[in-house]
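J.: This is the structure I want to talk about, given as structure tokens.
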Amino acid sequence: MTARRSFMDEVREQPEVLRTLVSSYEGQLAQRLQEAAQLIDSKPTLVIVGMGSSHFAGEILVQRLNRTQFKVLNCDASELVHYQQGIMAGDAVMLAISQSGESAETCSAAEARPKSMPLICITNDENSRLARMGDIVLPLLAGDEEGTSSKTFVATMALLHLLGDAVAGEEVLSSAEAFQVAQWLDELIDSLGEEVTRLLQRPGEFDAVVFTGRGPGLVSALQGALITQEMTQMPAAAFSAGQFRHGPIEATGPDLLVVIFAPLGRTTELLVRLARDCAAFGSPTWLVTDTAVEIAPTENLFVTKLPQVSEELSPLLSILVPELLGAALARRKGLEPGRLQKISKVTSFE
């Protein structure tokens, strides 16, 4: 009988998944990727649909392509099906993302699209319900995943960058960079785990977590809140850093851990200022950054420096923070990290 893999086993598989995916899309799957890019390029609008992690990952492509002539909409599949059907009436391509390929709402959105709307599917199962509907299927190649989304999320982000490269004609995720990120992921798992341990050893105990960021950092924040709630059963929320200033910052204090993703980029200074303010308001605050500027920690301000990559690629590294934090918090509560207690991994009905 095969031993069940733990969540941390799957986290440790992320570097190899990244290497496999990039190598495959440079090789035997290169033509399929180009066909998907040409299909997107043939229409004025791209409608991305997904749920949970798949929906959040879609922001990668929104941020990449909305800077160009493309109009990209990232839709919650359940809202699209019931309340936003008009979005599917235009001249567009649908990109449906579902790691299992069986997500009820995503499959319903694909089924409800007009027959004239082409469908590109990103899934980890090429034999799934969703894949069978697709005109083009882009596999995640992540292997079996039993626990909370980890390696499939990294694979989805990387694949969306490769697709963005092919559509926009620019290279953000080269093979060399992907292999460097994979190496850093290998090296960071243990060192970041030690930082989580030190963070949780501070006096006092928070009972809720907020993740925040801007641009690419918001992708890590959204996924971070989702997997933290799944693993720990404690309240966790995600906000864009701008929205967090408009009211939710009132909740800061000793009972709230604030995790801020601040990669080097357009808004780094704004995010560092937010981190200092949250710490001054009494919240244990974890600033995750790769800027070379020295940021002095304080009693409530914890600073982690990651290896520097382009701002667009930063979530490939920073997603380790909520993965390791969630696992540690789950163990502290006597829960098995990554093992859902009340629902199944695949949400096959609404």
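Ordered as shown in the structure tokens, chains take letters A, B, and onward, while each chain numbers its residues from 1 and ligands are numbered from 1 in the order shown.
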Please provide the set of residues having any atom within 9 Å of Pro322 in chain A, restricted to only C-alpha atoms, with same-chain residues fewer than 2 positions apart removed, written as a PyMOL selection string.
T.: chain A and resi 211+220-221+223-225+227-228+259+318-320+324-327
J.: Would you mind exporting N, CA and C atoms of the selected residues as a compact mmCIF listing (two decimals), in the first residue's frame?
T.:
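Saved file part-v2.txt follows:
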# COMPACT_ATOMS: atom_id res chain seq x y z
N PHE A 211 -3.56 38.83 5.00
CA PHE A 211 -2.50 38.85 4.00
C PHE A 211 -2.80 40.00 3.05
N SER A 220 -0.23 36.26 -4.03
CA SER A 220 0.21 35.49 -2.86
C SER A 220 -0.72 35.73 -1.68
N ALA A 221 -1.22 36.96 -1.54
CA ALA A 221 -2.10 37.28 -0.43
C ALA A 221 -3.42 36.51 -0.54
N GLN A 223 -4.13 33.71 -2.25
CA GLN A 223 -3.91 32.28 -2.03
C GLN A 223 -3.54 32.01 -0.57
N GLY A 224 -2.77 32.93 0.03
CA GLY A 224 -2.37 32.75 1.42
C GLY A 224 -3.54 32.68 2.36
N ALA A 225 -4.51 33.57 2.18
CA ALA A 225 -5.69 33.56 3.05
C ALA A 225 -6.49 32.28 2.86
N ILE A 227 -5.50 29.18 1.80
CA ILE A 227 -4.91 27.96 2.33
C ILE A 227 -4.74 28.03 3.85
N THR A 228 -4.57 29.24 4.40
CA THR A 228 -4.48 29.36 5.85
C THR A 228 -5.80 28.96 6.50
N VAL A 259 0.46 39.87 7.31
CA VAL A 259 1.55 39.42 6.42
C VAL A 259 1.49 40.28 5.17
N SER A 318 7.31 33.78 -2.94
CA SER A 318 6.65 34.23 -1.71
C SER A 318 5.50 33.35 -1.29
N ILE A 319 4.96 32.51 -2.19
CA ILE A 319 3.86 31.64 -1.79
C ILE A 319 4.31 30.63 -0.74
N LEU A 320 5.62 30.41 -0.63
CA LEU A 320 6.12 29.53 0.43
C LEU A 320 5.77 30.06 1.82
N LEU A 324 4.10 27.56 4.57
CA LEU A 324 4.82 27.12 5.77
C LEU A 324 4.17 27.67 7.04
N LEU A 325 3.66 28.89 6.97
CA LEU A 325 2.96 29.46 8.12
C LEU A 325 1.70 28.65 8.42
N GLY A 326 0.91 28.36 7.38
CA GLY A 326 -0.31 27.59 7.59
C GLY A 326 -0.03 26.22 8.17
N ALA A 327 1.00 25.55 7.66
CA ALA A 327 1.35 24.23 8.17
C ALA A 327 1.73 24.29 9.65
J.: Pick out the residues sitting within 10 Å of Cys121 in chain A, and hand them over as a ChimeraX atom specification; count only C-alpha atoms, and ignore anything fewer than 3 positions along from it in its own chain.
T.: /A:36,48-49,94-99,101,110,124,126,130-139
J.: Atoms to include: C-alpha atoms. Write the selected residues as an mmCIF file, in the first residue's frame.
T.:
data_model
loop_
_atom_site.group_PDB
_atom_site.id
_atom_site.type_symbol
_atom_site.label_atom_id
_atom_site.label_comp_id
_atom_site.auth_asym_id
_atom_site.auth_seq_id
_atom_site.Cartn_x
_atom_site.Cartn_y
_atom_site.Cartn_z
ATOM 1 C CA ALA A 36 -3.336 28.682 -27.352
ATOM 2 C CA ILE A 48 -10.701 33.694 -17.512
ATOM 3 C CA VAL A 49 -12.908 31.550 -15.262
ATOM 4 C CA MET A 94 -12.625 31.536 -22.584
ATOM 5 C CA LEU A 95 -9.696 30.291 -20.508
ATOM 6 C CA ALA A 96 -11.020 27.883 -17.866
ATOM 7 C CA ILE A 97 -8.678 26.938 -15.023
ATOM 8 C CA SER A 98 -9.395 24.005 -12.724
ATOM 9 C CA GLN A 99 -6.648 21.941 -11.160
ATOM 10 C CA GLY A 101 -10.860 19.660 -14.085
ATOM 11 C CA ALA A 110 -17.550 26.217 -19.863
ATOM 12 C CA ASN A 124 -3.928 18.807 -13.964
ATOM 13 C CA GLU A 126 -6.332 15.774 -19.211
ATOM 14 C CA LEU A 130 -13.380 20.197 -18.214
ATOM 15 C CA ALA A 131 -10.605 18.927 -20.469
ATOM 16 C CA ARG A 132 -13.085 16.986 -22.590
ATOM 17 C CA MET A 133 -14.793 20.274 -23.481
ATOM 18 C CA GLY A 134 -11.634 22.152 -24.418
ATOM 19 C CA ASP A 135 -10.471 23.131 -27.883
ATOM 20 C CA ILE A 136 -6.947 23.279 -26.449
ATOM 21 C CA VAL A 137 -5.860 21.663 -23.174
ATOM 22 C CA LEU A 138 -2.742 22.850 -21.350
ATOM 23 C CA PRO A 139 -1.792 20.279 -18.668
#
J.: Each residue of range 150-207 of chain A with at least one atom at most 12 Å from range 19-28 of chain A should appear once, together with its nearest atom pair and the corresponding distance in Å (one decimal); atoms considered: only C-alpha atoms; ordering: chain, then increasing residue number; output as JSON lines.
T.:
{"residue": "A:Lys151", "atom": "CA", "partner": "A:Leu21", "partner_atom": "CA", "distance": 11.1}
{"residue": "A:Thr152", "atom": "CA", "partner": "A:Leu21", "partner_atom": "CA", "distance": 10.7}
{"residue": "A:Val154", "atom": "CA", "partner": "A:Leu21", "partner_atom": "CA", "distance": 10.1}
{"residue": "A:Ala155", "atom": "CA", "partner": "A:Leu21", "partner_atom": "CA", "distance": 7.0}
{"residue": "A:Thr156", "atom": "CA", "partner": "A:Leu21", "partner_atom": "CA", "distance": 9.6}
{"residue": "A:Met157", "atom": "CA", "partner": "A:Leu21", "partner_atom": "CA", "distance": 10.9}
{"residue": "A:Ala158", "atom": "CA", "partner": "A:Val22", "partner_atom": "CA", "distance": 7.8}
{"residue": "A:Leu159", "atom": "CA", "partner": "A:Leu21", "partner_atom": "CA", "distance": 7.5}
{"residue": "A:Leu160", "atom": "CA", "partner": "A:Val22", "partner_atom": "CA", "distance": 11.1}
{"residue": "A:His161", "atom": "CA", "partner": "A:Val22", "partner_atom": "CA", "distance": 10.2}
{"residue": "A:Leu162", "atom": "CA", "partner": "A:Val22", "partner_atom": "CA", "distance": 8.0}
{"residue": "A:Leu163", "atom": "CA", "partner": "A:Tyr25", "partner_atom": "CA", "distance": 9.7}
{"residue": "A:Asp165", "atom": "CA", "partner": "A:Tyr25", "partner_atom": "CA", "distance": 11.8}
{"residue": "A:Ala166", "atom": "CA", "partner": "A:Tyr25", "partner_atom": "CA", "distance": 10.9}
{"residue": "A:Leu173", "atom": "CA", "partner": "A:Val22", "partner_atom": "CA", "distance": 8.8}
{"residue": "A:Ser174", "atom": "CA", "partner": "A:Val22", "partner_atom": "CA", "distance": 8.4}
{"residue": "A:Ser175", "atom": "CA", "partner": "A:Val22", "partner_atom": "CA", "distance": 6.3}
{"residue": "A:Ala176", "atom": "CA", "partner": "A:Val22", "partner_atom": "CA", "distance": 9.7}
{"residue": "A:Glu177", "atom": "CA", "partner": "A:Val22", "partner_atom": "CA", "distance": 10.1}
{"residue": "A:Ala178", "atom": "CA", "partner": "A:Arg19", "partner_atom": "CA", "distance": 6.8}
{"residue": "A:Phe179", "atom": "CA", "partner": "A:Arg19", "partner_atom": "CA", "distance": 6.0}
{"residue": "A:Gln180", "atom": "CA", "partner": "A:Arg19", "partner_atom": "CA", "distance": 9.5}
{"residue": "A:Val181", "atom": "CA", "partner": "A:Arg19", "partner_atom": "CA", "distance": 9.2}
{"residue": "A:Ala182", "atom": "CA", "partner": "A:Arg19", "partner_atom": "CA", "distance": 6.7}
{"residue": "A:Gln183", "atom": "CA", "partner": "A:Arg19", "partner_atom": "CA", "distance": 9.4}
{"residue": "A:Leu185", "atom": "CA", "partner": "A:Arg19", "partner_atom": "CA", "distance": 11.2}
{"residue": "A:Asp186", "atom": "CA", "partner": "A:Arg19", "partner_atom": "CA", "distance": 11.7}
J.: May I have the residues from that selection written out with C-alpha atoms, as a PDB file, in the first residue's frame?
T.:
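For reference, selection_33.pdb as written:
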ATOM      1  CA  LYS A 151       2.405  22.447  -6.261  1.00  0.00           C
ATOM      2  CA  THR A 152      -0.599  22.773  -8.592  1.00  0.00           C
ATOM      3  CA  VAL A 154       2.870  27.012  -8.485  1.00  0.00           C
ATOM      4  CA  ALA A 155       2.422  25.104 -11.753  1.00  0.00           C
ATOM      5  CA  THR A 156      -0.634  27.213 -12.664  1.00  0.00           C
ATOM      6  CA  MET A 157       1.208  30.479 -12.037  1.00  0.00           C
ATOM      7  CA  ALA A 158       4.210  29.337 -14.071  1.00  0.00           C
ATOM      8  CA  LEU A 159       2.049  28.109 -16.958  1.00  0.00           C
ATOM      9  CA  LEU A 160       0.137  31.395 -17.052  1.00  0.00           C
ATOM     10  CA  HIS A 161       3.451  33.241 -17.285  1.00  0.00           C
ATOM     11  CA  LEU A 162       4.519  31.012 -20.180  1.00  0.00           C
ATOM     12  CA  LEU A 163       1.195  31.685 -21.888  1.00  0.00           C
ATOM     13  CA  ASP A 165       5.069  35.298 -22.746  1.00  0.00           C
ATOM     14  CA  ALA A 166       3.708  33.621 -25.867  1.00  0.00           C
ATOM     15  CA  LEU A 173       9.804  33.376 -17.344  1.00  0.00           C
ATOM     16  CA  SER A 174      12.802  32.011 -19.235  1.00  0.00           C
ATOM     17  CA  SER A 175      13.946  28.464 -18.613  1.00  0.00           C
ATOM     18  CA  ALA A 176      17.097  29.761 -16.924  1.00  0.00           C
ATOM     19  CA  GLU A 177      15.055  31.917 -14.575  1.00  0.00           C
ATOM     20  CA  ALA A 178      12.605  29.098 -13.865  1.00  0.00           C
ATOM     21  CA  PHE A 179      15.428  26.751 -12.926  1.00  0.00           C
ATOM     22  CA  GLN A 180      16.947  29.424 -10.681  1.00  0.00           C
ATOM     23  CA  VAL A 181      13.596  29.947  -8.943  1.00  0.00           C
ATOM     24  CA  ALA A 182      13.293  26.173  -8.496  1.00  0.00           C
ATOM     25  CA  GLN A 183      16.712  26.064  -6.858  1.00  0.00           C
ATOM     26  CA  LEU A 185      12.520  27.136  -3.611  1.00  0.00           C
ATOM     27  CA  ASP A 186      14.577  24.095  -2.618  1.00  0.00           C
TER      28      ASP A 186
END
J.: Using only C-alpha atoms, can you tell me which of A:Glu323, A:Glu269, A:Glu170, A:Glu146 comes closest to Arg339 in chain A?
T.: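 Residue with the minimum atom-to-atom distance to Arg339 in chain A: A:Glu146.
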J.: Considering only C-alpha atoms, state which residue in the set A:Leu316, A:Ile295, A:Val219, A:Val11 is at the smallest distance from Val62 in chain A.
T.: A:Val219
J.: Taking the chain letters and numbering used in this document, name the residues of range 114-259 of chain A that DSSP puts in strand (DSSP E or B), as JSON, numbers by chain.
T.: {"A": [119, 120, 121, 122, 123, 136, 137, 138, 139, 208, 209, 210, 211, 212, 213, 236, 237, 238, 239, 240, 256, 257, 258, 259]}
J.: Could you please write out, as a list in words, every residue of range 247-295 of chain A that DSSP assigns to helix (DSSP H, G or I)?
T.: Pro248, Ile249, Glu250, Ala251, Thr268, Glu269, Leu270, Leu271, Val272, Arg273, Leu274, Ala275, Arg276, Asp277, Cys278, Ala279 and Ala280 of chain A
J.: List every residue of range 152-232 of chain A that has an atom at most 10 Å from any atom of range 247-254 of chain A, giving for each one its closest atom pair and the distance in Å to one decimal, counting only C-alpha atoms, sorted by chain and then by ascending residue number, as CSV.
T.:
residue,atom,partner,partner_atom,distance
A:Pro203,CA,A:Pro254,CA,9.9
A:Gly204,CA,A:Pro254,CA,7.4
A:Glu205,CA,A:Pro254,CA,7.6
A:Phe206,CA,A:Pro254,CA,6.3
A:Asp207,CA,A:Pro254,CA,9.0
A:Ala208,CA,A:Pro254,CA,9.9
A:Val209,CA,A:Thr252,CA,10.0
A:Val210,CA,A:Thr252,CA,9.3
J.: Filtering to C-alpha atoms, could you give me those residues as a CSV table (one decimal), in the first residue's frame?
T.:
chain,number,residue,atom,x,y,z
A,203,PRO,CA,4.9,36.6,23.3
A,204,GLY,CA,1.2,36.6,22.9
A,205,GLU,CA,-1.0,34.7,20.5
A,206,PHE,CA,-2.9,36.2,17.5
A,207,ASP,CA,-6.2,34.6,16.5
A,208,ALA,CA,-6.6,35.9,13.0
A,209,VAL,CA,-4.4,36.6,9.9
A,210,VAL,CA,-4.6,39.2,7.2
J.: Select, from A:Glu171, A:Glu145, A:Glu35, A:Glu195, the residue with the minimum atom-to-atom distance to Met8 in chain A, counting only C-alpha atoms.
T.: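 Of the candidates, the smallest distance to Met8 in chain A is held by A:Glu145.
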J.: For Leu39 in chain A, which residue out of A:Val167, A:Ala292, A:Val303, A:Ile87 is the nearest one, using only C-alpha atoms?
T.: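 Closest residue, counting only C-alpha atoms: A:Val167.
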J.: I'd like the neighbourhood of Leu65 in chain A as a list in words, where a residue qualifies if any of its atoms comes within 8 Å (using only C-alpha atoms), though same-chain residues fewer than 5 positions away should be ignored.
T.: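 Result of the neighbour search: Phe70, Lys71, Val72, Gly164 and Ala168 of chain A.
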J.: Counting only C-alpha atoms, what is within 6 Å of range 284-287 of chain A, bar same-chain residues fewer than 5 positions away, as a count of residues only?
T.: 9
J.: Fewer than 5 positions away in the same chain doesn't count, so skip those; otherwise give me all residues within 12 Å of Pro114 in chain A, counting only C-alpha atoms, as JSON, numbers by chain.
T.: {"A": [85, 86, 87, 88, 89, 90, 91, 92, 93, 94, 109, 119]}
J.: Of the candidates A:Ser150, A:Gln38, A:Ser54, A:Ser108, which shows the shortest atom-to-atom distance to Ile122 in chain A, using only C-alpha atoms?
T.: A:Ser54
J.: Tell me which of A:Gly50, A:Pro44, A:Pro15, A:Gly217 sits closest to Gln69 in chain A, counting only C-alpha atoms.
T.: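 Smallest separation from Gln69 in chain A among the options: A:Pro44.
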